Amino acid sequence: MSAGLLVLSACDKPTPLATVTVGSDSVNTEAACYNDGEAIKESLIQGCLNKKADKTVKISMDDKVRFGVDPEIAENGWTLFINGQQAEQEPYKNTYRTIPGNAFLASQTGQTAEKTTVSIVETKGKKLTGVWQFEFKNKDKD
């Protein structure tokens, strides 16, 4: 029931945007899940993190990947999740940051990944309030 409400409220007004820029290519997306600043139900979070990304960004190991979020996301704080796993402990409070591409393409085995799902997750204390999904494709594997 609440998932339907989440979808309906997203239609009323656009969600804040998250943007990924690599070189001169920028891709932005609205939230995959957003509850207008309120906590997303625990039971829905994994589904949000597993949702297929609408937007794909091609990166290589040595690209600089720039993340930008609307000020209201930065105000609460945001963290990155990689393939559904939280990648950092402390929320970031700025609207902009740069991370090297190899952080997203390197795997545990030392091989480079072909693709990675990167989620920008807005947090408010311990609660998750928004999830934005991007798929990063390794342009060196094309």
# chains A, B, ... in the order shown; residues from 1 in each chain; ligands from 1
$ select_by_dssp --residues "chain A" --states "strand (DSSP E)" --output "PyMOL selection string"
chain A and resi 18-22+25-29+33-34+55-59+64-69+78-82+85-86+96-100+115-124+127-138
$ residues_around --residues "Gly37 (chain A)" --least-positions-apart "5" --cutoff "10 Å" --atoms "only C-alpha atoms" --output "NGL selection string"
:A and (72-73 or 76 or 122-124 or 127-130)
$ write_last_selection --atoms "C-alpha atoms" --output "JSON list (two decimals), in the first residue's frame"
[["chain", "number", "residue", "atom", "x", "y", "z"],
["A", 72, "GLU", "CA", 18.03, 20.01, 0.18],
["A", 73, "ILE", "CA", 19.74, 16.61, -0.16],
["A", 76, "ASN", "CA", 20.32, 16.31, 5.38],
["A", 122, "GLU", "CA", 19.90, 10.84, 1.33],
["A", 123, "THR", "CA", 19.95, 10.31, 5.07],
["A", 124, "LYS", "CA", 18.37, 12.08, 8.00],
["A", 127, "LYS", "CA", 16.82, 7.15, 8.43],
["A", 128, "LEU", "CA", 17.05, 6.91, 4.64],
["A", 129, "THR", "CA", 14.86, 9.52, 2.95],
["A", 130, "GLY", "CA", 15.80, 9.22, -0.73]]
$ closest_residue --among "A:Gly23, A:Gln108, A:Gly84, A:Thr98" --to "Val57 (chain A)" --atoms "only C-alpha atoms"
A:Gly23
$ select_by_dssp --residues "region 21-141 of chain A" --states "alpha helix (DSSP H)" --output "list in words"
Glu42, Ser43, Leu44, Ile45, Gln46, Gly47, Cys48, Leu49, Asn50, Pro71, Glu72, Ile73, Ala74, Glu75, Asn76, Asn102, Ala103, Phe104 and Leu105 of chain A
$ write_last_selection --atoms "N, CA, C and O atoms" --output "PDB file, in the first residue's frame"
ATOM      1  N   GLU A  42      11.596   0.788   6.282  1.00  0.00           N
ATOM      2  CA  GLU A  42      12.673  -0.224   6.274  1.00  0.00           C
ATOM      3  C   GLU A  42      12.404  -1.309   5.240  1.00  0.00           C
ATOM      4  O   GLU A  42      13.298  -1.729   4.524  1.00  0.00           O
ATOM      5  N   SER A  43      11.155  -1.761   5.169  1.00  0.00           N
ATOM      6  CA  SER A  43      10.804  -2.882   4.294  1.00  0.00           C
ATOM      7  C   SER A  43      10.962  -2.535   2.808  1.00  0.00           C
ATOM      8  O   SER A  43      11.051  -3.415   1.971  1.00  0.00           O
ATOM      9  N   LEU A  44      11.008  -1.245   2.479  1.00  0.00           N
ATOM     10  CA  LEU A  44      11.112  -0.830   1.075  1.00  0.00           C
ATOM     11  C   LEU A  44      12.538  -0.504   0.654  1.00  0.00           C
ATOM     12  O   LEU A  44      12.833  -0.417  -0.530  1.00  0.00           O
ATOM     13  N   ILE A  45      13.435  -0.307   1.622  1.00  0.00           N
ATOM     14  CA  ILE A  45      14.770   0.200   1.311  1.00  0.00           C
ATOM     15  C   ILE A  45      15.543  -0.721   0.371  1.00  0.00           C
ATOM     16  O   ILE A  45      16.097  -0.267  -0.619  1.00  0.00           O
ATOM     17  N   GLN A  46      15.557  -2.027   0.659  1.00  0.00           N
ATOM     18  CA  GLN A  46      16.327  -2.941  -0.191  1.00  0.00           C
ATOM     19  C   GLN A  46      15.798  -2.930  -1.620  1.00  0.00           C
ATOM     20  O   GLN A  46      16.552  -2.932  -2.566  1.00  0.00           O
ATOM     21  N   GLY A  47      14.478  -2.859  -1.770  1.00  0.00           N
ATOM     22  CA  GLY A  47      13.873  -2.769  -3.101  1.00  0.00           C
ATOM     23  C   GLY A  47      14.312  -1.511  -3.831  1.00  0.00           C
ATOM     24  O   GLY A  47      14.553  -1.532  -5.038  1.00  0.00           O
ATOM     25  N   CYS A  48      14.423  -0.409  -3.097  1.00  0.00           N
ATOM     26  CA  CYS A  48      14.885   0.853  -3.695  1.00  0.00           C
ATOM     27  C   CYS A  48      16.326   0.713  -4.179  1.00  0.00           C
ATOM     28  O   CYS A  48      16.668   1.126  -5.281  1.00  0.00           O
ATOM     29  N   LEU A  49      17.168   0.109  -3.340  1.00  0.00           N
ATOM     30  CA  LEU A  49      18.584  -0.033  -3.688  1.00  0.00           C
ATOM     31  C   LEU A  49      18.790  -1.026  -4.832  1.00  0.00           C
ATOM     32  O   LEU A  49      19.777  -0.933  -5.557  1.00  0.00           O
ATOM     33  N   ASN A  50      17.851  -1.952  -5.007  1.00  0.00           N
ATOM     34  CA  ASN A  50      17.976  -2.940  -6.074  1.00  0.00           C
ATOM     35  C   ASN A  50      17.286  -2.516  -7.366  1.00  0.00           C
ATOM     36  O   ASN A  50      17.370  -3.209  -8.369  1.00  0.00           O
ATOM     37  N   PRO A  71      20.586  21.192  -3.066  1.00  0.00           N
ATOM     38  CA  PRO A  71      20.912  21.635  -1.705  1.00  0.00           C
ATOM     39  C   PRO A  71      20.091  20.960  -0.607  1.00  0.00           C
ATOM     40  O   PRO A  71      20.619  20.695   0.471  1.00  0.00           O
ATOM     41  N   GLU A  72      18.837  20.635  -0.886  1.00  0.00           N
ATOM     42  CA  GLU A  72      18.029  20.012   0.178  1.00  0.00           C
ATOM     43  C   GLU A  72      18.522  18.603   0.518  1.00  0.00           C
ATOM     44  O   GLU A  72      18.369  18.137   1.645  1.00  0.00           O
ATOM     45  N   ILE A  73      19.151  17.925  -0.437  1.00  0.00           N
ATOM     46  CA  ILE A  73      19.744  16.611  -0.157  1.00  0.00           C
ATOM     47  C   ILE A  73      20.996  16.807   0.703  1.00  0.00           C
ATOM     48  O   ILE A  73      21.186  16.133   1.711  1.00  0.00           O
ATOM     49  N   ALA A  74      21.826  17.771   0.308  1.00  0.00           N
ATOM     50  CA  ALA A  74      23.077  18.032   1.033  1.00  0.00           C
ATOM     51  C   ALA A  74      22.804  18.466   2.474  1.00  0.00           C
ATOM     52  O   ALA A  74      23.551  18.113   3.387  1.00  0.00           O
ATOM     53  N   GLU A  75      21.732  19.206   2.659  1.00  0.00           N
ATOM     54  CA  GLU A  75      21.377  19.689   3.994  1.00  0.00           C
ATOM     55  C   GLU A  75      21.196  18.534   4.971  1.00  0.00           C
ATOM     56  O   GLU A  75      21.658  18.576   6.105  1.00  0.00           O
ATOM     57  N   ASN A  76      20.518  17.487   4.538  1.00  0.00           N
ATOM     58  CA  ASN A  76      20.316  16.307   5.380  1.00  0.00           C
ATOM     59  C   ASN A  76      21.576  15.448   5.438  1.00  0.00           C
ATOM     60  O   ASN A  76      21.879  14.862   6.465  1.00  0.00           O
ATOM     61  N   ASN A 102      38.094   4.568 -10.513  1.00  0.00           N
ATOM     62  CA  ASN A 102      38.518   3.240 -10.070  1.00  0.00           C
ATOM     63  C   ASN A 102      37.837   2.813  -8.774  1.00  0.00           C
ATOM     64  O   ASN A 102      37.744   1.633  -8.480  1.00  0.00           O
ATOM     65  N   ALA A 103      37.307   3.762  -8.005  1.00  0.00           N
ATOM     66  CA  ALA A 103      36.574   3.418  -6.777  1.00  0.00           C
ATOM     67  C   ALA A 103      35.302   2.622  -7.103  1.00  0.00           C
ATOM     68  O   ALA A 103      34.815   1.863  -6.273  1.00  0.00           O
ATOM     69  N   PHE A 104      34.790   2.797  -8.311  1.00  0.00           N
ATOM     70  CA  PHE A 104      33.536   2.143  -8.693  1.00  0.00           C
ATOM     71  C   PHE A 104      33.761   0.915  -9.578  1.00  0.00           C
ATOM     72  O   PHE A 104      32.875   0.085  -9.709  1.00  0.00           O
ATOM     73  N   LEU A 105      34.923   0.826 -10.205  1.00  0.00           N
ATOM     74  CA  LEU A 105      35.159  -0.260 -11.161  1.00  0.00           C
ATOM     75  C   LEU A 105      36.084  -1.350 -10.635  1.00  0.00           C
ATOM     76  O   LEU A 105      36.133  -2.431 -11.202  1.00  0.00           O
TER      77      LEU A 105
END
$ residues_around --residues "Gln85 (chain A)" --least-positions-apart "4" --cutoff "10 Å" --atoms "only C-alpha atoms" --output "number ranges by chain"
A: 46, 49, 80-81, 117-119
$ closest_residue --among "A:Val27, A:Ala18, A:Ile120, A:Ile99" --to "Asp63 (chain A)" --atoms "only C-alpha atoms"
A:Ile99
$ closest_atom_pairs --of "region 13-82 of chain A" --to "region 94-97 of chain A" --cutoff "7 Å" --atoms "only C-alpha atoms" --output "JSON lines"
{"residue": "A:Arg66", "atom": "CA", "partner": "A:Arg97", "partner_atom": "CA", "distance": 5.7}
{"residue": "A:Phe67", "atom": "CA", "partner": "A:Arg97", "partner_atom": "CA", "distance": 5.4}
{"residue": "A:Gly68", "atom": "CA", "partner": "A:Tyr96", "partner_atom": "CA", "distance": 4.5}
{"residue": "A:Val69", "atom": "CA", "partner": "A:Thr95", "partner_atom": "CA", "distance": 5.0}
{"residue": "A:Asp70", "atom": "CA", "partner": "A:Thr95", "partner_atom": "CA", "distance": 6.3}
{"residue": "A:Pro71", "atom": "CA", "partner": "A:Thr95", "partner_atom": "CA", "distance": 5.9}
{"residue": "A:Ala74", "atom": "CA", "partner": "A:Thr95", "partner_atom": "CA", "distance": 5.3}
$ write_last_selection --atoms "all heavy atoms" --output "PDB file, in the first residue's frame"
ATOM      1  N   ARG A  66      32.184  13.179 -10.942  1.00  0.00           N
ATOM      2  CA  ARG A  66      31.667  14.260 -10.098  1.00  0.00           C
ATOM      3  C   ARG A  66      30.205  13.996  -9.762  1.00  0.00           C
ATOM      4  O   ARG A  66      29.412  13.715 -10.652  1.00  0.00           O
ATOM      5  CB  ARG A  66      31.794  15.597 -10.815  1.00  0.00           C
ATOM      6  CG  ARG A  66      33.223  15.998 -11.043  1.00  0.00           C
ATOM      7  CD  ARG A  66      33.308  17.304 -11.836  1.00  0.00           C
ATOM      8  NE  ARG A  66      34.679  17.551 -12.231  1.00  0.00           N
ATOM      9  CZ  ARG A  66      35.237  17.081 -13.339  1.00  0.00           C
ATOM     10  NH1 ARG A  66      34.530  16.341 -14.165  1.00  0.00           N
ATOM     11  NH2 ARG A  66      36.485  17.353 -13.620  1.00  0.00           N
ATOM     12  N   PHE A  67      29.902  14.091  -8.496  1.00  0.00           N
ATOM     13  CA  PHE A  67      28.532  13.920  -8.015  1.00  0.00           C
ATOM     14  C   PHE A  67      28.009  15.270  -7.579  1.00  0.00           C
ATOM     15  O   PHE A  67      28.709  16.014  -6.886  1.00  0.00           O
ATOM     16  CB  PHE A  67      28.487  12.972  -6.807  1.00  0.00           C
ATOM     17  CG  PHE A  67      28.825  11.561  -7.145  1.00  0.00           C
ATOM     18  CD1 PHE A  67      30.142  11.130  -7.133  1.00  0.00           C
ATOM     19  CD2 PHE A  67      27.833  10.658  -7.487  1.00  0.00           C
ATOM     20  CE1 PHE A  67      30.460   9.819  -7.448  1.00  0.00           C
ATOM     21  CE2 PHE A  67      28.143   9.350  -7.801  1.00  0.00           C
ATOM     22  CZ  PHE A  67      29.464   8.924  -7.790  1.00  0.00           C
ATOM     23  N   GLY A  68      26.787  15.583  -7.964  1.00  0.00           N
ATOM     24  CA  GLY A  68      26.145  16.807  -7.509  1.00  0.00           C
ATOM     25  C   GLY A  68      24.732  16.489  -7.043  1.00  0.00           C
ATOM     26  O   GLY A  68      24.049  15.666  -7.652  1.00  0.00           O
ATOM     27  N   VAL A  69      24.333  17.120  -5.939  1.00  0.00           N
ATOM     28  CA  VAL A  69      22.981  16.916  -5.430  1.00  0.00           C
ATOM     29  C   VAL A  69      22.344  18.269  -5.152  1.00  0.00           C
ATOM     30  O   VAL A  69      23.041  19.250  -4.898  1.00  0.00           O
ATOM     31  CB  VAL A  69      22.964  16.049  -4.145  1.00  0.00           C
ATOM     32  CG1 VAL A  69      23.519  14.659  -4.426  1.00  0.00           C
ATOM     33  CG2 VAL A  69      23.721  16.712  -3.010  1.00  0.00           C
ATOM     34  N   ASP A  70      21.020  18.304  -5.196  1.00  0.00           N
ATOM     35  CA  ASP A  70      20.310  19.529  -4.848  1.00  0.00           C
ATOM     36  C   ASP A  70      20.607  19.891  -3.385  1.00  0.00           C
ATOM     37  O   ASP A  70      20.825  19.001  -2.559  1.00  0.00           O
ATOM     38  CB  ASP A  70      18.801  19.346  -5.045  1.00  0.00           C
ATOM     39  CG  ASP A  70      18.391  19.452  -6.517  1.00  0.00           C
ATOM     40  OD1 ASP A  70      19.262  19.755  -7.364  1.00  0.00           O
ATOM     41  OD2 ASP A  70      17.202  19.228  -6.816  1.00  0.00           O
ATOM     42  N   PRO A  71      20.586  21.192  -3.066  1.00  0.00           N
ATOM     43  CA  PRO A  71      20.912  21.635  -1.705  1.00  0.00           C
ATOM     44  C   PRO A  71      20.091  20.960  -0.607  1.00  0.00           C
ATOM     45  O   PRO A  71      20.619  20.695   0.471  1.00  0.00           O
ATOM     46  CB  PRO A  71      20.642  23.137  -1.746  1.00  0.00           C
ATOM     47  CG  PRO A  71      20.845  23.516  -3.175  1.00  0.00           C
ATOM     48  CD  PRO A  71      20.389  22.324  -3.980  1.00  0.00           C
ATOM     49  N   ALA A  74      21.826  17.771   0.308  1.00  0.00           N
ATOM     50  CA  ALA A  74      23.077  18.032   1.033  1.00  0.00           C
ATOM     51  C   ALA A  74      22.804  18.466   2.474  1.00  0.00           C
ATOM     52  O   ALA A  74      23.551  18.113   3.387  1.00  0.00           O
ATOM     53  CB  ALA A  74      23.882  19.098   0.301  1.00  0.00           C
TER      54      ALA A  74
END
$ closest_residue --among "A:Glu88, A:Glu30, A:Asp54, A:Asp25" --to "Lys13 (chain A)" --atoms "only C-alpha atoms"
A:Glu30
$ atom_distance --atom1 "CA of Lys58 (chain A)" --atom2 "CA of Lys137 (chain A)"
4.7 Å
$ residues_around --residues "Lys55 (chain A)" --least-positions-apart "2" --cutoff "9 Å" --atoms "only C-alpha atoms" --output "list in words"
Val27, Asn28, Thr29, Lys52, Ala53, Val57, Gln133, Phe134, Glu135 and Phe136 of chain A
$ closest_residue --among "A:Ile59, A:Val121, A:Val20, A:Ala113" --to "Ala87 (chain A)" --atoms "only C-alpha atoms"
A:Val121
